[in-house]
Every structure is written in C-alpha cells, then in structure tokens.
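Shown next: upload_10.txt, given as compact mmCIF, N, CA and C atoms and all ligand atoms.
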# COMPACT_ATOMS: atom_id res chain seq x y z
N MET A 102 -16.78 -15.19 5.79
CA MET A 102 -17.15 -13.77 5.76
C MET A 102 -16.23 -13.01 4.82
N GLY A 103 -16.81 -12.25 3.96
CA GLY A 103 -16.00 -11.44 3.05
C GLY A 103 -16.38 -9.98 3.17
N THR A 104 -15.59 -9.17 2.58
CA THR A 104 -15.82 -7.73 2.65
C THR A 104 -15.72 -7.13 1.25
N THR A 105 -16.65 -6.25 0.94
CA THR A 105 -16.55 -5.50 -0.31
C THR A 105 -16.28 -4.05 0.03
N LEU A 106 -15.18 -3.57 -0.46
CA LEU A 106 -14.82 -2.17 -0.22
C LEU A 106 -15.25 -1.35 -1.42
N GLY A 107 -15.92 -0.25 -1.16
CA GLY A 107 -16.21 0.71 -2.22
C GLY A 107 -15.09 1.73 -2.19
N VAL A 108 -14.24 1.67 -3.18
CA VAL A 108 -13.03 2.49 -3.18
C VAL A 108 -13.11 3.53 -4.27
N LYS A 109 -12.61 4.71 -3.98
CA LYS A 109 -12.51 5.74 -5.00
C LYS A 109 -11.04 5.98 -5.29
N CYS A 110 -10.67 5.84 -6.54
CA CYS A 110 -9.27 6.01 -6.91
C CYS A 110 -8.86 7.47 -6.76
N PRO A 111 -7.80 7.72 -5.96
CA PRO A 111 -7.36 9.11 -5.77
C PRO A 111 -6.71 9.69 -7.02
N LYS A 112 -6.31 8.83 -7.94
CA LYS A 112 -5.63 9.32 -9.15
C LYS A 112 -6.61 9.73 -10.25
N CYS A 113 -7.60 8.84 -10.54
CA CYS A 113 -8.49 9.14 -11.67
C CYS A 113 -9.94 9.33 -11.25
N GLY A 114 -10.26 9.08 -9.97
CA GLY A 114 -11.61 9.32 -9.51
C GLY A 114 -12.57 8.17 -9.75
N LYS A 115 -12.08 7.09 -10.36
CA LYS A 115 -12.92 5.92 -10.64
C LYS A 115 -13.37 5.28 -9.33
N GLN A 116 -14.68 4.99 -9.25
CA GLN A 116 -15.18 4.26 -8.09
C GLN A 116 -15.30 2.80 -8.46
N PHE A 117 -14.79 1.96 -7.61
CA PHE A 117 -14.86 0.54 -7.92
C PHE A 117 -15.02 -0.27 -6.64
N GLU A 118 -15.41 -1.52 -6.82
CA GLU A 118 -15.56 -2.40 -5.67
C GLU A 118 -14.40 -3.37 -5.62
N TRP A 119 -13.95 -3.62 -4.43
CA TRP A 119 -12.83 -4.53 -4.24
C TRP A 119 -13.27 -5.57 -3.22
N ASN A 120 -13.33 -6.80 -3.66
CA ASN A 120 -13.77 -7.88 -2.78
C ASN A 120 -12.58 -8.55 -2.11
N THR A 121 -12.71 -8.79 -0.84
CA THR A 121 -11.64 -9.49 -0.13
C THR A 121 -12.23 -10.61 0.72
N GLY A 122 -11.36 -11.48 1.13
CA GLY A 122 -11.76 -12.54 2.06
C GLY A 122 -12.48 -13.66 1.38
N SER A 123 -13.10 -14.48 2.17
CA SER A 123 -13.78 -15.63 1.61
C SER A 123 -15.24 -15.59 2.00
N GLY A 124 -16.08 -16.04 1.12
CA GLY A 124 -17.49 -16.08 1.38
C GLY A 124 -17.84 -17.46 1.89
N PHE A 125 -18.22 -18.32 0.97
CA PHE A 125 -18.43 -19.70 1.36
C PHE A 125 -17.10 -20.24 1.83
N LEU A 126 -17.18 -21.21 2.70
CA LEU A 126 -15.99 -21.75 3.34
C LEU A 126 -14.82 -21.98 2.40
N GLU A 127 -15.12 -22.55 1.25
CA GLU A 127 -14.01 -22.99 0.41
C GLU A 127 -13.60 -21.96 -0.65
N ILE A 128 -14.41 -20.90 -0.77
CA ILE A 128 -14.11 -19.93 -1.82
C ILE A 128 -13.33 -18.74 -1.26
N GLU A 129 -12.27 -18.43 -1.92
CA GLU A 129 -11.44 -17.32 -1.50
C GLU A 129 -11.29 -16.38 -2.68
N ILE A 130 -11.26 -15.09 -2.40
CA ILE A 130 -11.08 -14.12 -3.48
C ILE A 130 -9.61 -13.78 -3.61
N LEU A 131 -9.07 -14.01 -4.77
CA LEU A 131 -7.68 -13.67 -5.02
C LEU A 131 -7.63 -12.53 -6.04
N HIS A 132 -6.53 -11.80 -6.02
CA HIS A 132 -6.33 -10.77 -7.02
C HIS A 132 -4.94 -10.91 -7.62
N CYS A 133 -4.84 -10.50 -8.86
CA CYS A 133 -3.54 -10.50 -9.52
C CYS A 133 -2.67 -9.40 -8.90
N ASP A 134 -1.41 -9.75 -8.63
CA ASP A 134 -0.53 -8.75 -8.00
C ASP A 134 -0.05 -7.69 -8.98
N LYS A 135 -0.32 -7.89 -10.27
CA LYS A 135 0.14 -6.89 -11.25
C LYS A 135 -0.98 -6.06 -11.84
N CYS A 136 -2.14 -6.69 -12.12
CA CYS A 136 -3.20 -5.91 -12.77
C CYS A 136 -4.47 -5.80 -11.92
N GLY A 137 -4.56 -6.57 -10.85
CA GLY A 137 -5.71 -6.45 -9.96
C GLY A 137 -6.92 -7.27 -10.36
N ARG A 138 -6.80 -8.05 -11.41
CA ARG A 138 -7.91 -8.89 -11.86
C ARG A 138 -8.35 -9.81 -10.70
N GLU A 139 -9.66 -10.01 -10.59
CA GLU A 139 -10.18 -10.81 -9.50
C GLU A 139 -10.41 -12.25 -9.94
N LYS A 140 -10.18 -13.16 -9.01
CA LYS A 140 -10.41 -14.56 -9.31
C LYS A 140 -10.96 -15.23 -8.06
N GLU A 141 -12.01 -16.03 -8.26
CA GLU A 141 -12.50 -16.84 -7.15
C GLU A 141 -11.74 -18.14 -7.16
N TRP A 142 -11.33 -18.52 -5.98
CA TRP A 142 -10.48 -19.69 -5.88
C TRP A 142 -11.07 -20.65 -4.87
N ASN A 143 -11.15 -21.90 -5.24
CA ASN A 143 -11.59 -22.92 -4.31
C ASN A 143 -10.36 -23.45 -3.57
N LYS A 144 -10.32 -23.19 -2.28
CA LYS A 144 -9.13 -23.52 -1.49
C LYS A 144 -8.79 -25.00 -1.51
N PHE A 145 -9.80 -25.81 -1.77
CA PHE A 145 -9.54 -27.24 -1.73
C PHE A 145 -9.11 -27.79 -3.09
N ASP A 146 -9.09 -26.91 -4.06
CA ASP A 146 -8.60 -27.34 -5.36
C ASP A 146 -7.11 -27.54 -5.31
N GLU A 147 -6.66 -28.53 -5.97
CA GLU A 147 -5.22 -28.74 -6.07
C GLU A 147 -4.66 -27.69 -7.03
N VAL A 148 -3.55 -27.11 -6.66
CA VAL A 148 -2.94 -26.11 -7.53
C VAL A 148 -2.10 -26.82 -8.58
N THR A 149 -2.46 -26.61 -9.82
CA THR A 149 -1.64 -27.16 -10.89
C THR A 149 -0.96 -26.02 -11.63
N ASP A 150 0.02 -26.34 -12.37
CA ASP A 150 0.78 -25.32 -13.09
C ASP A 150 -0.11 -24.38 -13.87
N GLY A 151 0.08 -23.09 -13.65
CA GLY A 151 -0.66 -22.12 -14.44
C GLY A 151 -1.98 -21.68 -13.82
N ASP A 152 -2.46 -22.40 -12.81
CA ASP A 152 -3.74 -22.06 -12.21
C ASP A 152 -3.77 -20.65 -11.65
N LEU A 153 -2.68 -20.25 -11.07
CA LEU A 153 -2.65 -18.95 -10.41
C LEU A 153 -1.89 -17.91 -11.22
N ASP A 154 -1.69 -18.22 -12.50
CA ASP A 154 -1.04 -17.25 -13.37
C ASP A 154 -2.10 -16.40 -14.04
N CYS A 155 -1.89 -15.11 -14.03
CA CYS A 155 -2.81 -14.21 -14.72
C CYS A 155 -2.32 -14.05 -16.15
N GLN A 156 -3.26 -13.74 -17.02
CA GLN A 156 -2.88 -13.57 -18.43
C GLN A 156 -1.95 -12.37 -18.64
N CYS A 157 -1.84 -11.48 -17.66
CA CYS A 157 -0.96 -10.32 -17.80
C CYS A 157 0.48 -10.66 -17.42
N GLY A 158 0.69 -11.85 -16.88
CA GLY A 158 2.03 -12.23 -16.47
C GLY A 158 2.22 -12.16 -14.96
N GLY A 159 1.25 -11.60 -14.26
CA GLY A 159 1.30 -11.56 -12.80
C GLY A 159 0.78 -12.87 -12.23
N CYS A 160 0.62 -12.92 -10.93
CA CYS A 160 0.01 -14.12 -10.38
C CYS A 160 -1.01 -13.76 -9.33
N PHE A 161 -2.02 -14.63 -9.19
CA PHE A 161 -3.11 -14.39 -8.26
C PHE A 161 -2.66 -14.73 -6.85
N THR A 162 -2.95 -13.81 -5.93
CA THR A 162 -2.56 -14.01 -4.55
C THR A 162 -3.61 -13.37 -3.65
N ASP A 163 -3.62 -13.78 -2.37
CA ASP A 163 -4.61 -13.19 -1.47
C ASP A 163 -4.09 -11.92 -0.81
N ASP A 164 -2.86 -11.52 -1.11
CA ASP A 164 -2.41 -10.26 -0.54
C ASP A 164 -1.93 -9.26 -1.60
N ALA A 165 -2.56 -9.33 -2.76
CA ALA A 165 -2.25 -8.36 -3.81
C ALA A 165 -2.71 -6.97 -3.36
N PRO A 166 -2.01 -5.93 -3.77
CA PRO A 166 -2.44 -4.58 -3.41
C PRO A 166 -3.74 -4.21 -4.10
N VAL A 167 -4.55 -3.35 -3.46
CA VAL A 167 -5.76 -2.85 -4.09
C VAL A 167 -5.35 -1.98 -5.27
N ARG A 168 -5.96 -2.24 -6.41
CA ARG A 168 -5.54 -1.55 -7.62
C ARG A 168 -6.74 -1.04 -8.40
N CYS A 169 -6.64 0.15 -8.91
CA CYS A 169 -7.73 0.74 -9.69
C CYS A 169 -7.86 0.00 -11.02
N PRO A 170 -9.08 -0.46 -11.36
CA PRO A 170 -9.26 -1.19 -12.62
C PRO A 170 -9.13 -0.29 -13.84
N LYS A 171 -9.24 1.00 -13.64
CA LYS A 171 -9.21 1.92 -14.78
C LYS A 171 -7.78 2.37 -15.10
N CYS A 172 -7.10 2.97 -14.12
CA CYS A 172 -5.78 3.52 -14.40
C CYS A 172 -4.66 2.62 -13.88
N LYS A 173 -5.05 1.53 -13.18
CA LYS A 173 -4.10 0.53 -12.68
C LYS A 173 -3.19 1.03 -11.56
N ALA A 174 -3.54 2.17 -11.00
CA ALA A 174 -2.74 2.69 -9.89
C ALA A 174 -2.98 1.83 -8.65
N VAL A 175 -1.92 1.58 -7.90
CA VAL A 175 -2.06 0.89 -6.63
C VAL A 175 -2.57 1.91 -5.61
N ILE A 176 -3.63 1.54 -4.89
CA ILE A 176 -4.15 2.44 -3.87
C ILE A 176 -3.34 2.20 -2.60
N GLU A 177 -2.43 3.11 -2.31
CA GLU A 177 -1.52 2.91 -1.19
C GLU A 177 -2.25 3.00 0.14
N ASP A 178 -3.03 4.06 0.29
CA ASP A 178 -3.73 4.26 1.54
C ASP A 178 -5.20 3.92 1.35
N VAL A 179 -5.49 2.63 1.46
CA VAL A 179 -6.84 2.16 1.15
C VAL A 179 -7.87 2.79 2.09
N GLU A 180 -7.55 2.82 3.38
CA GLU A 180 -8.52 3.33 4.35
C GLU A 180 -8.95 4.75 4.04
N ALA A 181 -8.04 5.56 3.56
CA ALA A 181 -8.36 6.96 3.28
C ALA A 181 -9.23 7.10 2.03
N ASN A 182 -9.30 6.06 1.23
CA ASN A 182 -10.03 6.16 -0.03
C ASN A 182 -11.25 5.25 -0.10
N VAL A 183 -11.58 4.63 1.03
CA VAL A 183 -12.77 3.79 1.07
C VAL A 183 -13.99 4.65 1.34
N GLU A 184 -15.00 4.49 0.51
CA GLU A 184 -16.22 5.28 0.69
C GLU A 184 -17.29 4.48 1.42
N ASN A 185 -17.30 3.21 1.20
CA ASN A 185 -18.22 2.37 1.96
C ASN A 185 -17.70 0.94 2.04
N ILE A 186 -18.17 0.25 3.05
CA ILE A 186 -17.72 -1.13 3.26
C ILE A 186 -18.96 -1.98 3.46
N SER A 187 -19.05 -3.07 2.74
CA SER A 187 -20.14 -3.98 3.04
C SER A 187 -19.61 -5.38 3.28
N MET A 188 -20.25 -6.05 4.20
CA MET A 188 -19.84 -7.40 4.56
C MET A 188 -20.81 -8.38 3.94
N TRP A 189 -20.33 -9.50 3.58
CA TRP A 189 -21.19 -10.52 3.02
C TRP A 189 -20.72 -11.87 3.53
N ASP A 190 -21.61 -12.85 3.41
CA ASP A 190 -21.18 -14.18 3.81
C ASP A 190 -21.77 -15.24 2.91
ZN ZN B 1 -2.93 -9.75 -14.04
ZN ZN B 2 -7.66 5.12 -11.14
For this file, write the structure as structure tokens.
Amino acid sequence: MGTTLGVKCPKCGKQFEWNTGSGFLEIEILHCDKCGREKEWNKFDEVTDGDLDCQCGGCFTDDAPVRCPKCKAVIEDVEANVENISMWD
C-alpha cells in the first residue's frame, strides 16, 4: 500500500505529488535526501556501490524529507500543507 500526498508548497505555492510507501510488494519509493528526486527501488535488489546515490550528491532513502520540486524547500509541516491524499496499491 502506498500513499500519494497532494502537497502545496507554503513557500512558492507549487502543487506537487509526493509518493510514499510501497505499492507492489517489492517496490519501494525512495527520495533523495538533498533534492527530493524520486526513485523506485526493488527491495530485493542487491545494493551495489552507487545504486542509492543521486546525481546531486545526495542519497536515496525512505525517510527523506518532503521537498518542493520547484524551490527545493523542505516542507516542515507536511500535514498542514497536504491538500489531498490518495492511497494506491
Ligand atoms: Zn538528489
Ligand atoms: Zn516551493
């Protein structure tokens, strides 16, 4: 089960979707901890050097902060800025 948050950036007003969790059993959504880029990750894949490195120099993780794709601001209070939530599986 995964969740898509419809978030509105409090800084620039950009509306964007932020996917979290896993859909199919083996697929997990990771985000870069520095730029917020999204990556689908197969949990059963062996991690080799560089797999979880983002081209910006950050690394992909499942607990990266929600970040605006436009102005790159970290959304500190996600709940206050969520406009809609949809679940998927
Ligand atoms: Zn990055
Ligand atoms: Zn923004």
Mind running chain A against ligand ZN 2 (chain B) at 8 Å and telling me each contacting residue's nearest atom pair with the distance in Å (one decimal), counting all atoms listed in the file, chain and number ascending, as CSV?
residue,atom,partner,partner_atom,distance
A:Lys109,C,B:ZN2,ZN,6.8
A:Cys110,CA,B:ZN2,ZN,4.6
A:Pro111,N,B:ZN2,ZN,5.8
A:Lys112,C,B:ZN2,ZN,4.8
A:Cys113,N,B:ZN2,ZN,3.8
A:Gly114,N,B:ZN2,ZN,4.9
A:Lys115,N,B:ZN2,ZN,4.9
A:Gln116,N,B:ZN2,ZN,7.3
A:Arg168,C,B:ZN2,ZN,6.8
A:Cys169,CA,B:ZN2,ZN,4.6
A:Pro170,N,B:ZN2,ZN,5.8
A:Lys171,C,B:ZN2,ZN,4.8
A:Cys172,N,B:ZN2,ZN,3.7
A:Lys173,N,B:ZN2,ZN,4.9
A:Ala174,N,B:ZN2,ZN,5.1
A:Val175,N,B:ZN2,ZN,7.5
(message) Show me, as an NGL selection string, the residues that have an atom within 7 Å of Thr162 in chain A when counting all atoms listed in the file, minus same-chain residues fewer than 2 positions from it.
(response) :A and (130-134 or 153 or 160 or 164-165)
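Each of A:Val179, A:Lys135, A:Val167, A:Val148 was compared to ligand ZN 1 (chain B) using only C-alpha atoms and all ligand atoms, and A:Lys135 turns out to be the nearest.
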(request) Can you list, as an MDAnalysis selection string, all residues belonging to chain A that DSSP tags as helix (DSSP H, G or I)? (result) chainID A and resid 179:182
(request) Check every protein, DNA and RNA residue against ligand ZN 1 (chain B), keep those with an atom at most 6 Å away (counting only C-alpha atoms and all ligand atoms), and present them as a count of residues only. (result) 9
(message) Just the number, please: distance in Å from atom N of Asn185 in chain A to CA of Trp142 in chain A, one decimal.
(response) 24.9 Å
(message) Between A:Asp178, A:Val108, A:Gly103, A:Asn143, which residue has the minimum interatomic distance to Thr121 in chain A, considering only C-alpha atoms?
(response) A:Gly103
(request) Please identify all polymer residues within 10 Å of Glu141 in chain A, counting only C-alpha atoms, omitting same-chain residues fewer than 3 positions from it, and present them as a ChimeraX atom specification. (result) /A:123-124,127-132,144,161
(message) For a quick check of understanding, using only C-alpha atoms, which of A:Gly158, A:Thr105, A:Ala181, A:Gly151 has the smallest distance to Phe117 in chain A?
(response)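 Closest residue, counting only C-alpha atoms: A:Thr105.
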